[in-house]
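See below for the structure under consideration.
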Amino acid sequence: MSSLSGRVQTVLGLVQPDQLGYTMTHEHLTMTFNCCYCPPPAHQAALSDGPIVMKNLFWLKQNPYSKKENLLLNQEVKAVKEELISFKAAGGGCIVENTTTGIDRDVKTLKRLAEETGVHIISGAGFYVDATHSPETRSKTVEQLTEVLVNEVLQGADGTDIKCGIIGEIGCSWPLTDSETKILQATAEAQTQLGCPVNIHPGRNSQAPFQIAHILQEAGADISKTVMSHLDRTIFDEEKLLEFAELGSYLEYDLFGTEMLNYQFNTSVDMPSDNDRIKMLRTLINNDYEDRIVISHDIHTKNRLVKYGGHGYSHILNNIVPKMLLRGISQENIHKILLENPKRWLTFK
């Protein structure tokens, strides 16, 4: 504990918080997402298989989870490396890599990418949503799950000595399952022991973030060291958003670059545009929550890489920041959102 306090833990070891630079708080650099494959309509079935081709890129953007190859980001290590070099050249310093058990975390590859690009990479401990839990995970008690989380931070993940620097993203469904509830309780206990940052993937319902926050609080978690991810696809009502903001977590808008007509995982939702996301950031800033905002892209499919005509990991730095300035968000607040807030969150207590 004493060796972690006041520092940030990357896949290459401990660093001082001031070394991080501009930080994307929710990305994936290598993972698989087969667990969330959505078969296309029968008349489009042929598009599901085979390689990604230019003439189908618009269809792929609208149906990213219906193309099997698109779900295998782990095949694109070379392209990701090139993007991280571009990210650093654009002013980026750190990527928080939220891949957890269940979607093929690969800490060895993360370490190699950090060594070869000079970008700080922080790996996540824990488990993704219930659909990916193994029978062994389901059978564990809260105490046993806590031990797994603590060991991934203090000893190393996946049989290596490469240590995680956050717990998360911890996957939650809607409605929350018994296995997910146990993992949330274990997350709270591990955070109490470690003083570490936590990142939560909430279920796709506007009540999910509230439910999760209450479970964490009841289990003794430090909500002020916890990020609630994916708010841009979860809470759309301004009043409800401000109500949630009062609970004290970090508020993460992490789907920058994702714009589609129909959100495959919840067709009742109209996925916001990047302009909409910027408007919500302004709402939070105007209500004095600028110290609790973090942003990212949550890249987890191939089509969002530059190689496949996507926006890539530098989109926020190259395109969103200039638009934020045009819409009256000050450079001071941008600095808070991209540097000061992530640094404060990622530093062990």
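Lettering and numbering for the structure tokens are positional, with chains as A, B, ... in the shown order, residues counted from 1 in each chain, and ligands counted from 1 in the shown order.
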Skip range 151-163 of chain A itself and residues of its chain fewer than 5 positions away, then list as a PyMOL selection string all residues within 10 Å of it, counting only C-alpha atoms.
-> chain A and resi 1+4+9-14+100-101+105-108+110-111+122-126+145-146+190+194+196
DSSP on the backbone: what in range 76-314 of chain A comes out helix (DSSP H, G or I), as a PyMOL selection string?
-> chain A and resi 77-89+107-117+130-132+135-139+142-154+178-194+208-218+223-225+231-233+238-245+274-286+290-292+302-304+306-308
Skip Gln16 in chain A itself and residues of its chain fewer than 4 positions away, then list as a ChimeraX atom specification all residues within 12 Å of it, counting only C-alpha atoms.
-> /A:3-10,20-21,120,343-344,346-348
Name the residues in contact with Asn319 in chain A at a cut-off of 12 Å, using only C-alpha atoms, excluding same-chain residues fewer than 6 positions from it; report them as a ChimeraX atom specification.
-> /A:90,256-257,274-275,278,311-313,325-326
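With only C-alpha atoms as the atoms that count, the residue of A:Asn318, A:Ala219, A:Leu113, A:Glu147 with the shortest distance to Ala89 in chain A is A:Asn318.
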Check the DSSP output for the backbone and give back, as a PyMOL selection string, the residues of range 154-339 of chain A in strand (DSSP E).
-> chain A and resi 166-171+198-201+226-228+250-253+293-295
Only all heavy atoms, please: the residues just picked out, written as a short mmCIF file (atom, residue, chain, number, x, y, z; two decimals), in the first residue's frame.
```cif
data_model
loop_
_atom_site.label_atom_id
_atom_site.label_comp_id
_atom_site.auth_asym_id
_atom_site.auth_seq_id
_atom_site.Cartn_x
_atom_site.Cartn_y
_atom_site.Cartn_z
N ILE A 166 -5.89 -0.03 -12.35
CA ILE A 166 -7.26 0.29 -11.94
C ILE A 166 -8.01 -1.02 -11.78
O ILE A 166 -7.55 -2.07 -12.27
CB ILE A 166 -8.02 1.19 -12.95
CG1 ILE A 166 -8.33 0.41 -14.24
CG2 ILE A 166 -7.27 2.46 -13.26
CD1 ILE A 166 -9.39 1.06 -15.11
N ILE A 167 -9.16 -0.97 -11.14
CA ILE A 167 -10.13 -2.06 -11.21
C ILE A 167 -11.20 -1.62 -12.20
O ILE A 167 -11.85 -0.61 -12.01
CB ILE A 167 -10.75 -2.36 -9.84
CG1 ILE A 167 -9.67 -2.88 -8.87
CG2 ILE A 167 -11.87 -3.38 -9.97
CD1 ILE A 167 -10.19 -3.08 -7.46
N GLY A 168 -11.34 -2.39 -13.30
CA GLY A 168 -12.34 -2.04 -14.28
C GLY A 168 -11.83 -2.16 -15.70
O GLY A 168 -10.64 -2.35 -15.92
N GLU A 169 -12.76 -2.14 -16.68
CA GLU A 169 -14.12 -1.83 -16.44
C GLU A 169 -14.85 -3.05 -15.87
O GLU A 169 -14.80 -4.13 -16.44
CB GLU A 169 -14.83 -1.35 -17.72
CG GLU A 169 -14.89 -2.36 -18.85
CD GLU A 169 -15.52 -1.80 -20.11
OE1 GLU A 169 -16.70 -1.37 -20.09
OE2 GLU A 169 -14.81 -1.84 -21.14
N ILE A 170 -15.54 -2.83 -14.76
CA ILE A 170 -16.35 -3.87 -14.17
C ILE A 170 -17.69 -3.88 -14.89
O ILE A 170 -18.43 -2.90 -14.88
CB ILE A 170 -16.54 -3.62 -12.66
CG1 ILE A 170 -15.19 -3.71 -11.94
CG2 ILE A 170 -17.54 -4.60 -12.07
CD1 ILE A 170 -14.50 -5.06 -12.03
N GLY A 171 -17.99 -5.02 -15.54
CA GLY A 171 -19.16 -5.10 -16.40
C GLY A 171 -20.45 -5.35 -15.64
O GLY A 171 -20.52 -6.27 -14.82
N VAL A 198 -11.39 2.99 -9.79
CA VAL A 198 -12.34 1.98 -10.28
C VAL A 198 -13.08 2.55 -11.48
O VAL A 198 -13.38 3.75 -11.52
CB VAL A 198 -13.35 1.60 -9.17
CG1 VAL A 198 -14.55 0.85 -9.73
CG2 VAL A 198 -12.66 0.77 -8.09
N ASN A 199 -13.36 1.68 -12.47
CA ASN A 199 -14.17 2.08 -13.62
C ASN A 199 -15.31 1.09 -13.80
O ASN A 199 -15.09 -0.13 -13.81
CB ASN A 199 -13.33 2.13 -14.90
CG ASN A 199 -14.08 2.72 -16.08
OD1 ASN A 199 -15.09 2.18 -16.52
ND2 ASN A 199 -13.57 3.82 -16.61
N ILE A 200 -16.54 1.60 -13.96
CA ILE A 200 -17.74 0.77 -14.05
C ILE A 200 -18.40 0.90 -15.43
O ILE A 200 -18.58 2.02 -15.93
CB ILE A 200 -18.78 1.18 -12.98
CG1 ILE A 200 -18.19 1.04 -11.57
CG2 ILE A 200 -20.06 0.35 -13.13
CD1 ILE A 200 -17.87 -0.37 -11.15
N HIS A 201 -18.76 -0.24 -16.02
CA HIS A 201 -19.57 -0.31 -17.23
C HIS A 201 -21.00 -0.57 -16.79
O HIS A 201 -21.34 -1.68 -16.38
CB HIS A 201 -19.04 -1.45 -18.11
CG HIS A 201 -19.97 -1.92 -19.19
ND1 HIS A 201 -19.76 -1.63 -20.52
CD2 HIS A 201 -21.09 -2.69 -19.16
CE1 HIS A 201 -20.72 -2.21 -21.25
NE2 HIS A 201 -21.53 -2.85 -20.45
N THR A 226 -14.22 6.64 -8.31
CA THR A 226 -14.89 5.73 -9.22
C THR A 226 -15.40 6.48 -10.45
O THR A 226 -16.00 7.54 -10.32
CB THR A 226 -16.08 5.04 -8.51
OG1 THR A 226 -15.57 4.30 -7.39
CG2 THR A 226 -16.83 4.11 -9.44
N VAL A 227 -15.15 5.92 -11.63
CA VAL A 227 -15.66 6.46 -12.88
C VAL A 227 -16.89 5.67 -13.30
O VAL A 227 -16.86 4.43 -13.31
CB VAL A 227 -14.59 6.37 -14.00
CG1 VAL A 227 -15.23 6.54 -15.37
CG2 VAL A 227 -13.50 7.41 -13.79
N MET A 228 -17.97 6.36 -13.65
CA MET A 228 -19.14 5.72 -14.26
C MET A 228 -19.05 5.94 -15.76
O MET A 228 -19.18 7.07 -16.24
CB MET A 228 -20.44 6.29 -13.71
CG MET A 228 -21.67 5.49 -14.12
SD MET A 228 -21.67 3.76 -13.56
CE MET A 228 -21.82 3.96 -11.77
N TYR A 250 -16.88 10.17 -10.93
CA TYR A 250 -16.46 10.81 -12.18
C TYR A 250 -17.48 10.46 -13.26
O TYR A 250 -18.03 9.35 -13.28
CB TYR A 250 -15.07 10.34 -12.60
CG TYR A 250 -13.97 10.94 -11.77
CD1 TYR A 250 -13.46 10.27 -10.66
CD2 TYR A 250 -13.45 12.20 -12.07
CE1 TYR A 250 -12.46 10.82 -9.88
CE2 TYR A 250 -12.44 12.77 -11.31
CZ TYR A 250 -11.95 12.06 -10.21
OH TYR A 250 -10.96 12.63 -9.45
N LEU A 251 -17.74 11.41 -14.13
CA LEU A 251 -18.77 11.29 -15.17
C LEU A 251 -18.07 11.12 -16.51
O LEU A 251 -17.45 12.06 -17.00
CB LEU A 251 -19.66 12.53 -15.16
CG LEU A 251 -20.20 12.93 -13.77
CD1 LEU A 251 -20.73 14.35 -13.78
CD2 LEU A 251 -21.26 11.95 -13.31
N GLU A 252 -18.16 9.91 -17.08
CA GLU A 252 -17.37 9.63 -18.27
C GLU A 252 -18.23 9.61 -19.54
O GLU A 252 -19.18 8.84 -19.64
CB GLU A 252 -16.66 8.28 -18.11
CG GLU A 252 -15.69 7.98 -19.24
CD GLU A 252 -14.87 6.75 -18.97
OE1 GLU A 252 -15.36 5.63 -19.24
OE2 GLU A 252 -13.73 6.88 -18.46
N TYR A 253 -17.85 10.48 -20.48
CA TYR A 253 -18.40 10.48 -21.83
C TYR A 253 -17.34 9.86 -22.72
O TYR A 253 -16.34 10.51 -23.05
CB TYR A 253 -18.80 11.89 -22.25
CG TYR A 253 -20.12 12.29 -21.64
CD1 TYR A 253 -20.23 12.57 -20.28
CD2 TYR A 253 -21.29 12.30 -22.41
CE1 TYR A 253 -21.45 12.88 -19.70
CE2 TYR A 253 -22.52 12.61 -21.84
CZ TYR A 253 -22.58 12.90 -20.49
OH TYR A 253 -23.80 13.18 -19.92
N ILE A 293 -15.48 15.42 -14.74
CA ILE A 293 -15.68 14.93 -16.11
C ILE A 293 -14.39 14.28 -16.63
O ILE A 293 -13.30 14.84 -16.48
CB ILE A 293 -16.07 16.08 -17.06
CG1 ILE A 293 -17.35 16.76 -16.60
CG2 ILE A 293 -16.23 15.56 -18.49
CD1 ILE A 293 -17.62 18.07 -17.34
N VAL A 294 -14.54 13.11 -17.27
CA VAL A 294 -13.45 12.51 -18.06
C VAL A 294 -14.06 12.05 -19.39
O VAL A 294 -15.25 11.77 -19.48
CB VAL A 294 -12.77 11.34 -17.33
CG1 VAL A 294 -11.95 11.85 -16.15
CG2 VAL A 294 -13.79 10.30 -16.85
N ILE A 295 -13.21 11.97 -20.43
CA ILE A 295 -13.72 11.63 -21.76
C ILE A 295 -12.79 10.64 -22.47
O ILE A 295 -11.60 10.53 -22.13
CB ILE A 295 -13.94 12.87 -22.65
CG1 ILE A 295 -12.63 13.64 -22.86
CG2 ILE A 295 -15.01 13.77 -22.05
CD1 ILE A 295 -12.79 14.84 -23.81
#
```
Kindly indicate which residue among A:Gln75, A:Thr25, A:Pro51, A:Pro135 lies nearest to Asp254 in chain A, using only C-alpha atoms for the distances.
->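 Under the stated criterion, the closest residue is A:Thr25.
Going from CA of Lys302 in chain A to CA of Lys67 in chain A covers 10.0 Å.
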Work out how far CA of Glu97 in chain A is from CA of Val119 in chain A, in Å to one decimal.
-> 11.7 Å
Long-range neighbours of Lys240 in chain A as a ChimeraX atom specification, 10 Å cut-off, only C-alpha atoms, 3 positions minimum in chain = /A:206-207,210,235-237,243-245
Keeping N, CA and C atoms, export the residues of the selection given above as an mmCIF file, in the first residue's frame.
```
data_model
loop_
_atom_site.group_PDB
_atom_site.id
_atom_site.type_symbol
_atom_site.label_atom_id
_atom_site.label_comp_id
_atom_site.auth_asym_id
_atom_site.auth_seq_id
_atom_site.Cartn_x
_atom_site.Cartn_y
_atom_site.Cartn_z
ATOM 1 N N SER A 206 -31.271 3.965 -17.736
ATOM 2 C CA SER A 206 -30.907 5.196 -17.033
ATOM 3 C C SER A 206 -30.838 5.018 -15.522
ATOM 4 N N GLN A 207 -31.462 3.953 -14.986
ATOM 5 C CA GLN A 207 -31.396 3.708 -13.547
ATOM 6 C C GLN A 207 -30.155 2.922 -13.152
ATOM 7 N N PHE A 210 -27.343 4.646 -11.040
ATOM 8 C CA PHE A 210 -27.801 4.907 -9.669
ATOM 9 C C PHE A 210 -27.742 3.621 -8.840
ATOM 10 N N ILE A 235 -27.706 7.972 -19.788
ATOM 11 C CA ILE A 235 -28.564 9.000 -19.185
ATOM 12 C C ILE A 235 -28.688 10.158 -20.169
ATOM 13 N N PHE A 236 -29.912 10.410 -20.639
ATOM 14 C CA PHE A 236 -30.146 11.435 -21.650
ATOM 15 C C PHE A 236 -30.878 12.652 -21.089
ATOM 16 N N ASP A 237 -31.609 12.463 -20.023
ATOM 17 C CA ASP A 237 -32.362 13.547 -19.416
ATOM 18 C C ASP A 237 -31.432 14.413 -18.565
ATOM 19 N N GLU A 243 -28.831 14.863 -11.283
ATOM 20 C CA GLU A 243 -29.133 14.100 -10.059
ATOM 21 C C GLU A 243 -28.058 13.041 -9.822
ATOM 22 N N PHE A 244 -27.671 12.357 -10.896
ATOM 23 C CA PHE A 244 -26.618 11.350 -10.736
ATOM 24 C C PHE A 244 -25.282 12.003 -10.378
ATOM 25 N N ALA A 245 -24.994 13.139 -10.993
ATOM 26 C CA ALA A 245 -23.726 13.824 -10.730
ATOM 27 C C ALA A 245 -23.561 14.154 -9.250
#
```
CA of Lys225 in chain A and CA of Trp345 in chain A, how far apart in Å?
-> 5.6 Å
Test item: residues at most 8 Å from Met260 in chain A, only C-alpha atoms, excluding those fewer than 3 positions along its chain, as a short mmCIF file (atom, residue, chain, number, x, y, z; two decimals) with N, CA, C and O atoms, in the first residue's frame:
```
data_model
loop_
_atom_site.label_atom_id
_atom_site.label_comp_id
_atom_site.auth_asym_id
_atom_site.auth_seq_id
_atom_site.Cartn_x
_atom_site.Cartn_y
_atom_site.Cartn_z
N LYS A 61 -20.42 0.72 -40.11
CA LYS A 61 -20.56 1.78 -39.10
C LYS A 61 -21.92 1.72 -38.42
O LYS A 61 -22.05 1.99 -37.23
N GLN A 62 -22.95 1.36 -39.17
CA GLN A 62 -24.30 1.28 -38.62
C GLN A 62 -24.56 -0.04 -37.89
O GLN A 62 -25.44 -0.11 -37.02
N TYR A 263 -28.74 2.06 -32.40
CA TYR A 263 -27.81 1.46 -31.45
C TYR A 263 -28.22 0.00 -31.25
O TYR A 263 -29.27 -0.29 -30.69
N MET A 271 -28.51 7.09 -30.38
CA MET A 271 -27.11 7.38 -30.03
C MET A 271 -26.79 8.84 -30.33
O MET A 271 -27.02 9.31 -31.43
#
```
Excluding Arg304 in chain A and any residue of its chain fewer than 3 positions from it, enumerate the residues within 12 Å of it, using only C-alpha atoms, and give them as a PDB file with N, CA and C atoms, in the first residue's frame.
```
ATOM      1  N   GLU A  27     -10.307   3.133 -23.073  1.00  0.00           N
ATOM      2  CA  GLU A  27      -9.995   2.604 -24.399  1.00  0.00           C
ATOM      3  C   GLU A  27      -9.734   1.103 -24.297  1.00  0.00           C
ATOM      4  N   HIS A  28      -9.675   0.461 -25.463  1.00  0.00           N
ATOM      5  CA  HIS A  28      -9.215  -0.921 -25.591  1.00  0.00           C
ATOM      6  C   HIS A  28      -8.186  -0.941 -26.718  1.00  0.00           C
ATOM      7  N   LEU A  29      -7.096  -1.636 -26.470  1.00  0.00           N
ATOM      8  CA  LEU A  29      -6.027  -1.724 -27.458  1.00  0.00           C
ATOM      9  C   LEU A  29      -5.936  -3.127 -28.053  1.00  0.00           C
ATOM     10  N   LEU A  57     -18.305  -0.179 -45.708  1.00  0.00           N
ATOM     11  CA  LEU A  57     -17.914   0.566 -44.511  1.00  0.00           C
ATOM     12  C   LEU A  57     -19.088   1.307 -43.882  1.00  0.00           C
ATOM     13  N   PHE A  58     -19.988   1.864 -44.682  1.00  0.00           N
ATOM     14  CA  PHE A  58     -21.121   2.570 -44.084  1.00  0.00           C
ATOM     15  C   PHE A  58     -22.021   1.584 -43.353  1.00  0.00           C
ATOM     16  N   LEU A  60     -21.107  -1.152 -42.051  1.00  0.00           N
ATOM     17  CA  LEU A  60     -20.370  -1.581 -40.861  1.00  0.00           C
ATOM     18  C   LEU A  60     -20.473  -0.549 -39.746  1.00  0.00           C
ATOM     19  N   LYS A  61     -20.424   0.722 -40.109  1.00  0.00           N
ATOM     20  CA  LYS A  61     -20.561   1.780 -39.102  1.00  0.00           C
ATOM     21  C   LYS A  61     -21.924   1.716 -38.421  1.00  0.00           C
ATOM     22  N   GLN A  62     -22.946   1.362 -39.175  1.00  0.00           N
ATOM     23  CA  GLN A  62     -24.302   1.277 -38.624  1.00  0.00           C
ATOM     24  C   GLN A  62     -24.555  -0.038 -37.885  1.00  0.00           C
ATOM     25  N   PRO A  64     -21.953  -2.355 -36.334  1.00  0.00           N
ATOM     26  CA  PRO A  64     -20.594  -2.796 -36.008  1.00  0.00           C
ATOM     27  C   PRO A  64     -20.517  -4.160 -35.333  1.00  0.00           C
ATOM     28  N   ASN A  70     -15.016  -7.755 -37.360  1.00  0.00           N
ATOM     29  CA  ASN A  70     -14.933  -6.447 -36.712  1.00  0.00           C
ATOM     30  C   ASN A  70     -14.758  -6.557 -35.204  1.00  0.00           C
ATOM     31  N   LEU A  71     -15.123  -7.717 -34.637  1.00  0.00           N
ATOM     32  CA  LEU A  71     -15.109  -7.898 -33.192  1.00  0.00           C
ATOM     33  C   LEU A  71     -13.763  -8.410 -32.677  1.00  0.00           C
ATOM     34  N   LEU A  73     -10.513  -7.073 -32.341  1.00  0.00           N
ATOM     35  CA  LEU A  73      -9.522  -5.999 -32.273  1.00  0.00           C
ATOM     36  C   LEU A  73      -8.126  -6.541 -31.976  1.00  0.00           C
ATOM     37  N   GLU A  76      -5.178  -6.550 -34.520  1.00  0.00           N
ATOM     38  CA  GLU A  76      -4.699  -5.298 -35.111  1.00  0.00           C
ATOM     39  C   GLU A  76      -3.613  -4.613 -34.273  1.00  0.00           C
ATOM     40  N   ALA A  79      -1.551  -2.001 -36.269  1.00  0.00           N
ATOM     41  CA  ALA A  79      -2.297  -0.770 -36.539  1.00  0.00           C
ATOM     42  C   ALA A  79      -2.472   0.050 -35.266  1.00  0.00           C
ATOM     43  N   VAL A  80      -2.719  -0.626 -34.159  1.00  0.00           N
ATOM     44  CA  VAL A  80      -2.879   0.074 -32.876  1.00  0.00           C
ATOM     45  C   VAL A  80      -1.568   0.745 -32.479  1.00  0.00           C
ATOM     46  N   GLU A  83      -1.204   3.878 -34.342  1.00  0.00           N
ATOM     47  CA  GLU A  83      -2.114   4.908 -33.832  1.00  0.00           C
ATOM     48  C   GLU A  83      -1.612   5.502 -32.518  1.00  0.00           C
ATOM     49  N   LEU A 255     -17.768   7.665 -25.673  1.00  0.00           N
ATOM     50  CA  LEU A 255     -18.082   7.115 -26.982  1.00  0.00           C
ATOM     51  C   LEU A 255     -17.876   8.148 -28.090  1.00  0.00           C
ATOM     52  N   PHE A 256     -16.963   9.090 -27.870  1.00  0.00           N
ATOM     53  CA  PHE A 256     -16.658  10.075 -28.907  1.00  0.00           C
ATOM     54  C   PHE A 256     -16.217   9.346 -30.179  1.00  0.00           C
ATOM     55  N   GLY A 257     -16.807   9.748 -31.290  1.00  0.00           N
ATOM     56  CA  GLY A 257     -16.544   9.096 -32.568  1.00  0.00           C
ATOM     57  C   GLY A 257     -17.608   8.094 -32.957  1.00  0.00           C
ATOM     58  N   THR A 258     -18.440   7.666 -32.001  1.00  0.00           N
ATOM     59  CA  THR A 258     -19.518   6.714 -32.292  1.00  0.00           C
ATOM     60  C   THR A 258     -20.786   7.470 -32.646  1.00  0.00           C
ATOM     61  N   GLU A 259     -21.176   7.383 -33.903  1.00  0.00           N
ATOM     62  CA  GLU A 259     -22.405   8.021 -34.368  1.00  0.00           C
ATOM     63  C   GLU A 259     -23.092   7.032 -35.301  1.00  0.00           C
ATOM     64  N   HIS A 297     -12.856   7.438 -26.097  1.00  0.00           N
ATOM     65  CA  HIS A 297     -13.513   6.920 -27.303  1.00  0.00           C
ATOM     66  C   HIS A 297     -14.095   5.522 -27.121  1.00  0.00           C
ATOM     67  N   ASP A 298     -13.564   4.736 -26.179  1.00  0.00           N
ATOM     68  CA  ASP A 298     -13.957   3.335 -26.005  1.00  0.00           C
ATOM     69  C   ASP A 298     -13.847   2.563 -27.318  1.00  0.00           C
ATOM     70  N   ILE A 299     -12.715   2.671 -27.983  1.00  0.00           N
ATOM     71  CA  ILE A 299     -12.505   1.902 -29.208  1.00  0.00           C
ATOM     72  C   ILE A 299     -12.422   0.425 -28.847  1.00  0.00           C
ATOM     73  N   HIS A 300     -13.281  -0.395 -29.469  1.00  0.00           N
ATOM     74  CA  HIS A 300     -13.284  -1.828 -29.169  1.00  0.00           C
ATOM     75  C   HIS A 300     -13.611  -2.683 -30.394  1.00  0.00           C
ATOM     76  N   THR A 301     -13.728  -2.031 -31.551  1.00  0.00           N
ATOM     77  CA  THR A 301     -13.944  -2.748 -32.807  1.00  0.00           C
ATOM     78  C   THR A 301     -12.998  -2.193 -33.866  1.00  0.00           C
ATOM     79  N   LYS A 307      -7.061   2.673 -39.771  1.00  0.00           N
ATOM     80  CA  LYS A 307      -6.799   1.690 -40.833  1.00  0.00           C
ATOM     81  C   LYS A 307      -8.062   1.335 -41.598  1.00  0.00           C
ATOM     82  N   TYR A 308      -9.195   1.343 -40.923  1.00  0.00           N
ATOM     83  CA  TYR A 308     -10.466   0.960 -41.539  1.00  0.00           C
ATOM     84  C   TYR A 308     -11.382   2.158 -41.763  1.00  0.00           C
ATOM     85  N   GLY A 309     -10.803   3.343 -41.863  1.00  0.00           N
ATOM     86  CA  GLY A 309     -11.604   4.527 -42.129  1.00  0.00           C
ATOM     87  C   GLY A 309     -12.267   5.118 -40.904  1.00  0.00           C
ATOM     88  N   GLY A 310     -11.820   4.707 -39.717  1.00  0.00           N
ATOM     89  CA  GLY A 310     -12.405   5.203 -38.477  1.00  0.00           C
ATOM     90  C   GLY A 310     -11.694   6.424 -37.940  1.00  0.00           C
ATOM     91  N   HIS A 311     -12.164   6.892 -36.794  1.00  0.00           N
ATOM     92  CA  HIS A 311     -11.650   8.138 -36.210  1.00  0.00           C
ATOM     93  C   HIS A 311     -10.349   7.953 -35.443  1.00  0.00           C
ATOM     94  N   GLY A 312     -10.128   6.781 -34.840  1.00  0.00           N
ATOM     95  CA  GLY A 312      -8.885   6.498 -34.144  1.00  0.00           C
ATOM     96  C   GLY A 312      -8.774   7.122 -32.768  1.00  0.00           C
ATOM     97  N   TYR A 313      -7.659   6.825 -32.113  1.00  0.00           N
ATOM     98  CA  TYR A 313      -7.438   7.232 -30.719  1.00  0.00           C
ATOM     99  C   TYR A 313      -7.104   8.719 -30.565  1.00  0.00           C
ATOM    100  N   SER A 314      -6.812   9.406 -31.666  1.00  0.00           N
ATOM    101  CA  SER A 314      -6.458  10.827 -31.594  1.00  0.00           C
ATOM    102  C   SER A 314      -7.631  11.748 -31.916  1.00  0.00           C
ATOM    103  N   HIS A 315      -8.807  11.192 -32.129  1.00  0.00           N
ATOM    104  CA  HIS A 315      -9.979  11.971 -32.543  1.00  0.00           C
ATOM    105  C   HIS A 315     -10.292  13.095 -31.562  1.00  0.00           C
TER     106      HIS A 315
END
```
